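K.L.:
Got a structure for you, query_20.pdb, holding PDB, C-alpha atoms and all ligand atoms.
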```pdb
ATOM      1  CA  MET Q 868      72.417  94.951 102.245  1.00  0.00           C
ATOM      2  CA  PHE Q 869      75.178  96.903 103.971  1.00  0.00           C
ATOM      3  CA  GLN Q 870      75.480 100.460 104.993  1.00  0.00           C
ATOM      4  CA  GLN Q 871      78.427 102.773 105.137  1.00  0.00           C
ATOM      5  CA  LYS Q 872      78.929 104.515 108.451  1.00  0.00           C
ATOM      6  CA  SER Q 873      79.430 108.200 108.661  1.00  0.00           C
ATOM      7  CA  VAL Q 874      82.992 109.396 108.967  1.00  0.00           C
ATOM      8  CA  GLU Q 875      82.431 110.832 112.439  1.00  0.00           C
ATOM      9  CA  MET Q 876      81.331 107.406 113.730  1.00  0.00           C
ATOM     10  CA  ARG Q 877      84.616 105.746 112.808  1.00  0.00           C
ATOM     11  CA  GLY Q 878      86.933 104.475 115.506  1.00  0.00           C
ATOM     12  CA  ALA Q 879      86.940 101.329 117.592  1.00  0.00           C
ATOM     13  CA  LYS Q 880      84.488 102.506 120.262  1.00  0.00           C
ATOM     14  CA  ALA Q 881      81.981 103.786 117.753  1.00  0.00           C
ATOM     15  CA  VAL Q 882      82.243 100.613 115.685  1.00  0.00           C
ATOM     16  CA  SER Q 883      81.571  98.442 118.715  1.00  0.00           C
ATOM     17  CA  SER Q 884      78.530 100.371 119.816  1.00  0.00           C
ATOM     18  CA  LYS Q 885      76.981 100.314 116.350  1.00  0.00           C
ATOM     19  CA  SER Q 886      77.736  96.764 115.352  1.00  0.00           C
ATOM     20  CA  GLY Q 887      74.755  95.061 117.038  1.00  0.00           C
ATOM     21  CA  LYS Q 888      73.832  92.055 114.935  1.00  0.00           C
ATOM     22  CA  CYS Q 889      76.314  93.024 112.240  1.00  0.00           C
ATOM     23  CA  MET Q 890      79.971  92.545 111.601  1.00  0.00           C
ATOM     24  CA  THR Q 891      82.066  95.304 110.114  1.00  0.00           C
ATOM     25  CA  PHE Q 892      84.404  95.234 107.144  1.00  0.00           C
ATOM     26  CA  LEU Q 893      87.227  97.728 106.662  1.00  0.00           C
ATOM     27  CA  PRO Q 894      88.127  99.737 104.688  1.00  0.00           C
ATOM     28  CA  GLY Q 895      84.873 101.584 104.445  1.00  0.00           C
ATOM     29  CA  ASP Q 896      83.294 100.753 107.828  1.00  0.00           C
ATOM     30  CA  LEU Q 897      80.741  98.537 106.124  1.00  0.00           C
ATOM     31  CA  ASP Q 898      78.242  96.912 108.490  1.00  0.00           C
ATOM     32  CA  VAL Q 899      76.861  93.632 107.172  1.00  0.00           C
ATOM     33  CA  PRO Q 900      74.042  91.839 109.023  1.00  0.00           C
ATOM     34  CA  VAL Q 901      75.255  88.449 110.193  1.00  0.00           C
ATOM     35  CA  SER Q 902      73.212  85.695 108.588  1.00  0.00           C
ATOM     36  CA  GLN Q 903      73.143  82.153 109.930  1.00  0.00           C
ATOM     37  CA  ASP Q 904      72.763  81.020 106.316  1.00  0.00           C
ATOM     38  CA  CYS Q 905      76.365  82.019 105.621  1.00  0.00           C
ATOM     39  CA  GLU Q 906      78.910  79.373 106.494  1.00  0.00           C
ATOM     40  CA  SER Q 907      81.896  81.684 106.281  1.00  0.00           C
ATOM     41  CA  ILE Q 908      82.864  85.320 106.530  1.00  0.00           C
ATOM     42  CA  LEU Q 909      83.776  85.132 102.840  1.00  0.00           C
ATOM     43  CA  ASP Q 910      80.303  83.826 102.010  1.00  0.00           C
ATOM     44  CA  LEU Q 911      78.689  86.644 103.983  1.00  0.00           C
ATOM     45  CA  ALA Q 912      80.822  89.284 102.284  1.00  0.00           C
ATOM     46  CA  LEU Q 913      80.152  87.957  98.798  1.00  0.00           C
ATOM     47  CA  LYS Q 914      76.407  87.723  99.414  1.00  0.00           C
ATOM     48  CA  ALA Q 915      76.503  91.331 100.623  1.00  0.00           C
ATOM     49  CA  GLY Q 916      78.160  92.327  97.361  1.00  0.00           C
ATOM     50  CA  LEU Q 917      81.598  93.128  98.715  1.00  0.00           C
ATOM     51  CA  ASP Q 918      84.629  92.795  96.482  1.00  0.00           C
ATOM     52  CA  MET Q 919      86.438  89.973  98.279  1.00  0.00           C
ATOM     53  CA  ASP Q 920      89.094  87.999  96.441  1.00  0.00           C
ATOM     54  CA  HIS Q 921      88.729  84.205  96.641  1.00  0.00           C
ATOM     55  CA  THR Q 922      90.907  82.630  93.981  1.00  0.00           C
ATOM     56  CA  CYS Q 923      90.625  79.030  95.253  1.00  0.00           C
ATOM     57  CA  GLY Q 924      86.874  79.277  95.746  1.00  0.00           C
ATOM     58  CA  GLY Q 925      86.964  79.002  99.514  1.00  0.00           C
ATOM     59  CA  ASN Q 926      89.127  75.898  99.815  1.00  0.00           C
ATOM     60  CA  GLY Q 927      91.694  77.479 102.099  1.00  0.00           C
ATOM     61  CA  THR Q 928      94.640  77.145  99.750  1.00  0.00           C
ATOM     62  CA  CYS Q 929      95.181  80.537  98.082  1.00  0.00           C
ATOM     63  CA  GLY Q 930      95.123  83.061 100.924  1.00  0.00           C
ATOM     64  CA  THR Q 931      93.519  85.752  98.782  1.00  0.00           C
ATOM     65  CA  CYS Q 932      90.552  85.936 101.166  1.00  0.00           C
ATOM     66  CA  MET Q 933      92.754  86.711 104.169  1.00  0.00           C
ATOM     67  CA  ILE Q 934      91.451  89.229 106.676  1.00  0.00           C
ATOM     68  CA  GLU Q 935      93.034  91.004 109.598  1.00  0.00           C
ATOM     69  CA  VAL Q 936      90.908  90.815 112.737  1.00  0.00           C
ATOM     70  CA  CYS Q 937      90.681  94.254 114.358  1.00  0.00           C
ATOM     71  CA  GLU Q 938      88.075  93.386 116.998  1.00  0.00           C
ATOM     72  CA  GLY Q 939      86.685  90.078 118.214  1.00  0.00           C
ATOM     73  CA  LEU Q 940      89.653  87.759 117.762  1.00  0.00           C
ATOM     74  CA  GLU Q 941      88.583  86.023 120.982  1.00  0.00           C
ATOM     75  CA  LYS Q 942      85.357  84.961 119.241  1.00  0.00           C
ATOM     76  CA  PHE Q 943      87.195  82.974 116.577  1.00  0.00           C
ATOM     77  CA  ASN Q 944      87.544  79.238 116.963  1.00  0.00           C
ATOM     78  CA  THR Q 945      90.939  77.626 116.896  1.00  0.00           C
ATOM     79  CA  ARG Q 946      92.140  77.319 113.312  1.00  0.00           C
ATOM     80  CA  ASN Q 947      90.835  74.222 111.576  1.00  0.00           C
ATOM     81  CA  GLU Q 948      93.316  71.819 109.974  1.00  0.00           C
ATOM     82  CA  ILE Q 949      93.149  73.515 106.575  1.00  0.00           C
ATOM     83  CA  GLU Q 950      93.709  77.000 107.954  1.00  0.00           C
ATOM     84  CA  GLN Q 951      96.414  75.850 110.377  1.00  0.00           C
ATOM     85  CA  GLU Q 952      98.375  74.214 107.572  1.00  0.00           C
ATOM     86  CA  PHE Q 953      98.141  77.403 105.509  1.00  0.00           C
ATOM     87  CA  ALA Q 954      99.093  79.563 108.518  1.00  0.00           C
ATOM     88  CA  ASP Q 955     102.117  77.394 109.277  1.00  0.00           C
ATOM     89  CA  GLU Q 956     103.319  77.505 105.667  1.00  0.00           C
ATOM     90  CA  ARG Q 957     102.902  81.286 105.377  1.00  0.00           C
ATOM     91  CA  GLY Q 958     103.755  82.277 108.939  1.00  0.00           C
ATOM     92  CA  LEU Q 959     100.458  84.039 109.565  1.00  0.00           C
ATOM     93  CA  LYS Q 960     100.071  86.058 112.724  1.00  0.00           C
ATOM     94  CA  ASP Q 961      97.217  85.243 115.137  1.00  0.00           C
ATOM     95  CA  PHE Q 962      95.058  88.095 113.814  1.00  0.00           C
ATOM     96  CA  GLU Q 963      95.506  87.046 110.184  1.00  0.00           C
ATOM     97  CA  ARG Q 964      92.693  84.626 109.334  1.00  0.00           C
ATOM     98  CA  LEU Q 965      91.192  83.086 106.235  1.00  0.00           C
ATOM     99  CA  SER Q 966      87.686  84.440 105.770  1.00  0.00           C
ATOM    100  CA  CYS Q 967      86.651  81.266 103.936  1.00  0.00           C
ATOM    101  CA  GLN Q 968      87.476  79.079 106.946  1.00  0.00           C
ATOM    102  CA  ASN Q 969      85.748  81.075 109.685  1.00  0.00           C
ATOM    103  CA  ARG Q 970      82.125  81.728 110.524  1.00  0.00           C
ATOM    104  CA  PRO Q 971      80.712  85.252 110.643  1.00  0.00           C
ATOM    105  CA  GLN Q 972      79.789  86.501 114.105  1.00  0.00           C
ATOM    106  CA  GLU Q 973      78.184  89.603 115.478  1.00  0.00           C
ATOM    107  CA  GLY Q 974      80.516  92.364 116.545  1.00  0.00           C
ATOM    108  CA  LEU Q 975      83.574  91.320 114.567  1.00  0.00           C
ATOM    109  CA  VAL Q 976      85.573  94.048 112.866  1.00  0.00           C
ATOM    110  CA  VAL Q 977      87.809  92.780 110.102  1.00  0.00           C
ATOM    111  CA  LYS Q 978      90.066  94.525 107.631  1.00  0.00           C
ATOM    112  CA  VAL Q 979      90.634  93.319 104.114  1.00  0.00           C
ATOM    113  CA  PRO Q 980      94.294  94.139 103.454  1.00  0.00           C
ATOM    114  CA  HIS Q 981      95.406  95.459 100.088  1.00  0.00           C
ATOM    115  CA  LYS Q 982      91.928  96.818  99.363  1.00  0.00           C
ATOM    116  CA  THR Q 983      91.101 100.471  99.254  1.00  0.00           C
ATOM    117  CA  ASP Q 984      87.449  99.953  98.366  1.00  0.00           C
ATOM    118  CA  LEU Q 985      85.188  96.961  98.993  1.00  0.00           C
ATOM    119  CA  TYR Q 986      82.349  98.192  96.828  1.00  0.00           C
ATOM    120  CA  LYS Q 987      82.075  96.183  93.614  1.00  0.00           C
ATOM    121  CA  SER Q 988      80.473  99.095  91.860  1.00  0.00           C
ATOM    122  CA  LYS Q 989      79.471 102.594  92.783  1.00  0.00           C
TER     123      LYS Q 989
HETATM  124  S1  LIG V1001      89.359  81.675  99.149  1.00  0.00           S
HETATM  125 FE1  LIG V1001      91.320  80.795  98.933  1.00  0.00          FE
HETATM  126  S2  LIG V1001      92.033  80.638 100.971  1.00  0.00           S
HETATM  127 FE2  LIG V1001      90.058  81.458 101.193  1.00  0.00          FE
END
```
Show me this structure written as structure tokens.
Ligand code: FES
P.N.:
Amino acid sequence: MFQQKSVEMRGAKAVSSKSGKCMTFLPGDLDVPVSQDCESILDLALKAGLDMDHTCGGNGTCGTCMIEVCEGLEKFNTRNEIEQEFADERGLKDFERLSCQNRPQEGLVVKVPHKTDLYKSK
């Protein structure tokens, strides 16, 4: 469901030009087609088979699904009440968002911190 980009296509400009109807997960430059059936970025990632942590099951209380927004932060809505409460408690920066509380959108590039590989199996 996702494809890994070639190493020579990495970099912000290349990512933007290739993203089309996808959003991109780092590390790994993984393009995932954005589906309107997915209510959250976490949902999209899990359905694509990516190894995303989600200890609280998407309730916005654990923070294990946190992503760092590399491109497209302007496309995100204002934090909802659940995410804002979590962000206030933990002192999250603007680019640190909960993937379970935000909708996937075309052209986003997000990094999953503390992960070196998002493939569940090789
Ligand atoms: S899955 Fe726990 S905060 Fe998102």
K.L.:
For ligand LIG 1001 (chain V), collect every residue having any atom at a distance of at most 10 Å from a ligand atom (counting all atoms listed in the file); output as a ChimeraX atom specification.
P.N.:
/Q:907-910,919-934,949-950,953,964-969
K.L.:
Between atom CA of Q:Gln972 and atom CA of Q:Leu917, what is the spacing in Å?
P.N.:
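Answer for the atom CA of Q:Leu917 to atom CA of Q:Gln972 separation: 16.9 Å.
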K.L.:
Could you tell me how far atom CA of Q:Lys914 lies from atom CA of Q:Gly974, in Å and to one decimal?
P.N.:
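Distance reported for this atom pair: 18.2 Å.
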K.L.:
What is the atom CA of Q:Val936 to atom CA of Q:Arg957 distance in Å?
P.N.:
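These two atoms are separated by 17.0 Å.
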K.L.:
I'd like the box whose edges run along x, y and z of the file and which contains every listed atom of stretch 937-955 of chain Q, padded by 4 Å per side; could you state its centre and edge lengths in Å, one decimal, as JSON?
P.N.:
```
{"center_x": 93.7, "center_y": 83.0, "center_z": 113.2, "size_x": 24.8, "size_y": 30.4, "size_z": 23.5}
```
K.L.:
Can you list, as a ChimeraX atom specification, every protein, DNA or RNA residue that comes within 9 Å of Q:Thr891 when you count only C-alpha atoms, leaving out same-chain residues fewer than 6 positions away?
P.N.:
/Q:882,897-900,973-978
